[in-house]
$ cat run06.cif   # mmCIF, C-alpha atoms and all ligand atoms
data_input
loop_
_atom_site.group_PDB
_atom_site.id
_atom_site.type_symbol
_atom_site.label_atom_id
_atom_site.label_comp_id
_atom_site.auth_asym_id
_atom_site.auth_seq_id
_atom_site.Cartn_x
_atom_site.Cartn_y
_atom_site.Cartn_z
ATOM 1 C CA MET J 1 10.791 -5.139 7.131
ATOM 2 C CA THR J 2 11.673 -2.952 4.191
ATOM 3 C CA THR J 3 11.287 0.784 4.443
ATOM 4 C CA HIS J 4 10.804 2.633 1.180
ATOM 5 C CA PHE J 5 11.060 6.323 0.626
ATOM 6 C CA ALA J 6 7.826 8.256 0.196
ATOM 7 C CA PRO J 7 7.546 12.039 0.132
ATOM 8 C CA PHE J 8 3.863 11.875 1.104
ATOM 9 C CA THR J 9 3.496 9.432 3.974
ATOM 10 C CA ASP J 10 0.080 10.793 4.921
ATOM 11 C CA LEU J 11 -1.541 9.254 1.847
ATOM 12 C CA GLU J 12 -3.322 6.054 2.739
ATOM 13 C CA ASP J 13 -3.912 4.854 -0.795
ATOM 14 C CA VAL J 14 -0.247 4.511 -1.674
ATOM 15 C CA GLU J 15 0.171 1.010 -3.091
ATOM 16 C CA GLN J 16 3.508 1.314 -4.797
ATOM 17 C CA ALA J 17 6.790 2.719 -3.557
ATOM 18 C CA PRO J 18 8.621 5.223 -5.768
ATOM 19 C CA CYS J 19 11.162 2.503 -6.594
ATOM 20 C CA GLY J 20 8.379 0.438 -8.203
ATOM 21 C CA THR J 21 7.917 -2.091 -5.381
ATOM 22 C CA TRP J 22 4.333 -2.993 -4.562
ATOM 23 C CA LEU J 23 3.745 -2.381 -0.897
ATOM 24 C CA GLY J 24 2.669 -5.191 1.345
ATOM 25 C CA GLU J 25 2.353 -5.829 5.037
ATOM 26 C CA THR J 26 6.112 -6.032 5.429
ATOM 27 C CA SER J 27 6.658 -2.667 3.772
ATOM 28 C CA GLU J 28 6.947 0.657 5.477
ATOM 29 C CA LEU J 29 7.188 4.159 4.104
ATOM 30 C CA SER J 30 9.297 7.001 5.376
ATOM 31 C CA GLY J 31 10.179 10.471 4.207
ATOM 32 C CA ASP J 32 13.429 10.194 6.146
ATOM 33 C CA TRP J 33 16.228 8.745 4.022
ATOM 34 C CA SER J 34 18.143 7.607 7.098
ATOM 35 C CA LYS J 35 15.296 5.176 7.810
ATOM 36 C CA VAL J 36 15.024 3.900 4.246
ATOM 37 C CA ASN J 37 16.669 0.505 3.924
ATOM 38 C CA CYS J 38 15.282 -0.471 0.513
ATOM 39 C CA MET J 39 18.219 -0.979 -1.842
ATOM 40 C CA LEU J 40 16.205 0.093 -4.881
ATOM 41 C CA CYS J 41 15.064 3.312 -3.252
ATOM 42 C CA GLN J 42 18.616 4.103 -2.155
ATOM 43 C CA LYS J 43 19.927 3.273 -5.630
ATOM 44 C CA HIS J 44 17.447 5.613 -7.303
ATOM 45 C CA LYS J 45 17.588 8.212 -4.555
ATOM 46 C CA ALA J 46 18.596 11.117 -6.821
ATOM 47 C CA LYS J 47 15.915 10.246 -9.369
ATOM 48 C CA ILE J 48 13.185 9.867 -6.731
ATOM 49 C CA ILE J 49 14.106 13.201 -5.126
ATOM 50 C CA ALA J 50 14.091 14.869 -8.556
ATOM 51 C CA ALA J 51 10.677 13.388 -9.347
ATOM 52 C CA ALA J 52 9.255 14.539 -6.014
ATOM 53 C CA ALA J 53 10.689 18.033 -6.555
ATOM 54 C CA ALA J 54 9.236 18.162 -10.074
ATOM 55 C CA GLU J 55 5.824 17.167 -8.748
ATOM 56 C CA GLU J 56 6.047 19.833 -6.081
ATOM 57 C CA ARG J 57 6.992 22.435 -8.702
ATOM 58 C CA PHE J 58 4.036 21.319 -10.824
ATOM 59 C CA ILE J 59 1.616 21.729 -7.901
ATOM 60 C CA VAL J 60 3.046 25.158 -7.071
ATOM 61 C CA GLU J 61 2.733 26.168 -10.730
ATOM 62 C CA GLN J 62 -0.873 25.008 -10.832
ATOM 63 C CA MET J 63 -1.637 26.988 -7.701
ATOM 64 C CA GLY J 64 0.044 30.021 -9.265
ATOM 65 C CA ASP J 65 -2.113 29.611 -12.385
ATOM 66 C CA MET J 66 -5.226 29.407 -10.274
ATOM 67 C CA ALA J 67 -4.269 32.544 -8.340
ATOM 68 C CA ALA J 68 -3.661 34.377 -11.613
ATOM 69 C CA PHE J 69 -7.011 33.161 -12.925
ATOM 70 C CA MET J 70 -8.828 34.358 -9.806
ATOM 71 C CA ARG J 71 -7.100 37.742 -10.015
ATOM 72 C CA ALA J 72 -8.181 38.010 -13.653
ATOM 73 C CA GLU J 73 -11.781 37.189 -12.716
ATOM 74 C CA ALA J 74 -11.954 39.706 -9.887
HETATM 75 ZN ZN ZN C 101 11.927 0.908 -2.328
#
$ encode --input "run06.cif" --output "C-alpha cells"
Amino acid sequence: MTTHFAPFTDLEDVEQAPCGTWLGETSELSGDWSKVNCMLCQKHKAKIIAAAAAEERFIVEQMGDMAAFMRAEA
C-alpha cells in the first residue's frame, strides 16, 4: 500500500497523485506527511507544498476579486 500526499482528500475524482502517480486500488491519499510513504511524494515534498500553497493563494485571490466585484455592484 502506497500512501501519496494530497491536500484535498475529500475529492472523490482524484485520479492522480501530486507526484504524478496514477492512483489505483493499492493507493491511498493523506494530507498528513507522516503517513505518506511514497518516495516520489517525499522527494518532491517542497514542490508539492509550494504548488498547494499557490493554488490556495489563487483561490483566495479569486474570492477577493469576487468580493470586490460584488462591492462595486452594490
Ligand atoms: Zn506519490
$ residues_around --input "run06.cif" --residues "segment 32-49 of chain J" --least-positions-apart "6" --cutoff "10 Å" --atoms "only C-alpha atoms" --output "ChimeraX atom specification"
/J:1-7,17-21,55
$ closest_residue --input "run06.cif" --among "J:Glu56, J:Glu28, J:Glu61, J:Glu73" --to "ligand ZN 101 (chain C)" --atoms "only C-alpha atoms and all ligand atoms"
J:Glu28
$ atom_distance --input "run06.cif" --atom1 "atom CA of Ala53 of chain J" --atom2 "atom CA of Glu25 of chain J"
27.8 Å
$ atom_distance --input "run06.cif" --atom1 "atom CA of Gly64 of chain J" --atom2 "atom CA of Gln16 of chain J"
29.3 Å
$ atom_distance --input "run06.cif" --atom1 "atom CA of Glu15 of chain J" --atom2 "atom CA of Ala51 of chain J"
17.4 Å
$ decode --input "run06.cif" --residues "chain J" --atoms "C-alpha atoms" --output "PDB file, in the first residue's frame"
ATOM      1  CA  MET J   1       0.000   0.000   0.000  1.00  0.00           C
ATOM      2  CA  THR J   2       1.422   3.325  -1.059  1.00  0.00           C
ATOM      3  CA  THR J   3       0.171   6.499   0.534  1.00  0.00           C
ATOM      4  CA  HIS J   4       0.557   9.654  -1.514  1.00  0.00           C
ATOM      5  CA  PHE J   5       0.196  13.177  -0.310  1.00  0.00           C
ATOM      6  CA  ALA J   6      -2.978  15.030  -1.245  1.00  0.00           C
ATOM      7  CA  PRO J   7      -4.024  18.395   0.160  1.00  0.00           C
ATOM      8  CA  PHE J   8      -7.674  17.731  -0.722  1.00  0.00           C
ATOM      9  CA  THR J   9      -8.550  14.220   0.397  1.00  0.00           C
ATOM     10  CA  ASP J  10     -12.280  14.919   0.245  1.00  0.00           C
ATOM     11  CA  LEU J  11     -12.257  14.975  -3.555  1.00  0.00           C
ATOM     12  CA  GLU J  12     -13.504  11.702  -4.944  1.00  0.00           C
ATOM     13  CA  ASP J  13     -12.455  12.290  -8.526  1.00  0.00           C
ATOM     14  CA  VAL J  14      -8.747  12.462  -7.788  1.00  0.00           C
ATOM     15  CA  GLU J  15      -7.081  10.044 -10.200  1.00  0.00           C
ATOM     16  CA  GLN J  16      -3.500  11.170  -9.996  1.00  0.00           C
ATOM     17  CA  ALA J  17      -1.308  11.885  -7.001  1.00  0.00           C
ATOM     18  CA  PRO J  18       0.628  15.165  -6.935  1.00  0.00           C
ATOM     19  CA  CYS J  19       3.817  13.194  -7.632  1.00  0.00           C
ATOM     20  CA  GLY J  20       2.357  12.079 -10.981  1.00  0.00           C
ATOM     21  CA  THR J  21       1.432   8.513  -9.978  1.00  0.00           C
ATOM     22  CA  TRP J  22      -1.912   7.272 -11.248  1.00  0.00           C
ATOM     23  CA  LEU J  23      -3.946   6.082  -8.315  1.00  0.00           C
ATOM     24  CA  GLY J  24      -5.147   2.531  -8.158  1.00  0.00           C
ATOM     25  CA  GLU J  25      -6.676   0.229  -5.608  1.00  0.00           C
ATOM     26  CA  THR J  26      -3.389  -0.069  -3.755  1.00  0.00           C
ATOM     27  CA  SER J  27      -3.004   3.688  -3.442  1.00  0.00           C
ATOM     28  CA  GLU J  28      -4.102   5.827  -0.567  1.00  0.00           C
ATOM     29  CA  LEU J  29      -4.129   9.567  -0.103  1.00  0.00           C
ATOM     30  CA  SER J  30      -3.318  11.516   3.011  1.00  0.00           C
ATOM     31  CA  GLY J  31      -2.836  15.143   3.904  1.00  0.00           C
ATOM     32  CA  ASP J  32      -0.571  14.044   6.743  1.00  0.00           C
ATOM     33  CA  TRP J  33       3.061  13.809   5.649  1.00  0.00           C
ATOM     34  CA  SER J  34       3.883  11.394   8.462  1.00  0.00           C
ATOM     35  CA  LYS J  35       1.576   8.865   6.788  1.00  0.00           C
ATOM     36  CA  VAL J  36       2.941   9.406   3.289  1.00  0.00           C
ATOM     37  CA  ASN J  37       5.279   6.588   2.327  1.00  0.00           C
ATOM     38  CA  CYS J  38       5.516   7.304  -1.407  1.00  0.00           C
ATOM     39  CA  MET J  39       9.155   8.011  -2.234  1.00  0.00           C
ATOM     40  CA  LEU J  40       8.245  10.349  -5.087  1.00  0.00           C
ATOM     41  CA  CYS J  41       5.909  12.407  -2.936  1.00  0.00           C
ATOM     42  CA  GLN J  42       8.531  12.652  -0.194  1.00  0.00           C
ATOM     43  CA  LYS J  43      11.193  13.572  -2.754  1.00  0.00           C
ATOM     44  CA  HIS J  44       9.077  16.381  -4.187  1.00  0.00           C
ATOM     45  CA  LYS J  45       7.613  17.388  -0.845  1.00  0.00           C
ATOM     46  CA  ALA J  46       8.741  21.033  -1.011  1.00  0.00           C
ATOM     47  CA  LYS J  47       7.466  21.414  -4.571  1.00  0.00           C
ATOM     48  CA  ILE J  48       4.099  19.795  -3.798  1.00  0.00           C
ATOM     49  CA  ILE J  49       3.607  22.001  -0.726  1.00  0.00           C
ATOM     50  CA  ALA J  50       4.516  25.082  -2.781  1.00  0.00           C
ATOM     51  CA  ALA J  51       2.054  24.088  -5.506  1.00  0.00           C
ATOM     52  CA  ALA J  52      -0.724  23.515  -2.975  1.00  0.00           C
ATOM     53  CA  ALA J  53       0.015  26.879  -1.332  1.00  0.00           C
ATOM     54  CA  ALA J  54      -0.007  28.619  -4.721  1.00  0.00           C
ATOM     55  CA  GLU J  55      -3.364  27.061  -5.549  1.00  0.00           C
ATOM     56  CA  GLU J  56      -4.738  28.166  -2.208  1.00  0.00           C
ATOM     57  CA  ARG J  57      -3.469  31.710  -2.811  1.00  0.00           C
ATOM     58  CA  PHE J  58      -5.098  31.670  -6.251  1.00  0.00           C
ATOM     59  CA  ILE J  59      -8.462  30.618  -4.788  1.00  0.00           C
ATOM     60  CA  VAL J  60      -8.227  33.281  -2.077  1.00  0.00           C
ATOM     61  CA  GLU J  61      -7.358  35.884  -4.717  1.00  0.00           C
ATOM     62  CA  GLN J  62     -10.320  34.846  -6.840  1.00  0.00           C
ATOM     63  CA  MET J  63     -12.609  35.111  -3.841  1.00  0.00           C
ATOM     64  CA  GLY J  64     -11.164  38.552  -3.101  1.00  0.00           C
ATOM     65  CA  ASP J  65     -11.853  39.617  -6.700  1.00  0.00           C
ATOM     66  CA  MET J  66     -15.407  38.393  -6.441  1.00  0.00           C
ATOM     67  CA  ALA J  67     -15.946  40.272  -3.174  1.00  0.00           C
ATOM     68  CA  ALA J  68     -14.569  43.437  -4.765  1.00  0.00           C
ATOM     69  CA  PHE J  69     -16.836  42.922  -7.768  1.00  0.00           C
ATOM     70  CA  MET J  70     -19.900  42.483  -5.560  1.00  0.00           C
ATOM     71  CA  ARG J  71     -18.997  45.599  -3.570  1.00  0.00           C
ATOM     72  CA  ALA J  72     -18.668  47.524  -6.835  1.00  0.00           C
ATOM     73  CA  GLU J  73     -22.087  46.297  -7.983  1.00  0.00           C
ATOM     74  CA  ALA J  74     -23.847  47.189  -4.746  1.00  0.00           C
TER      75      ALA J  74
END
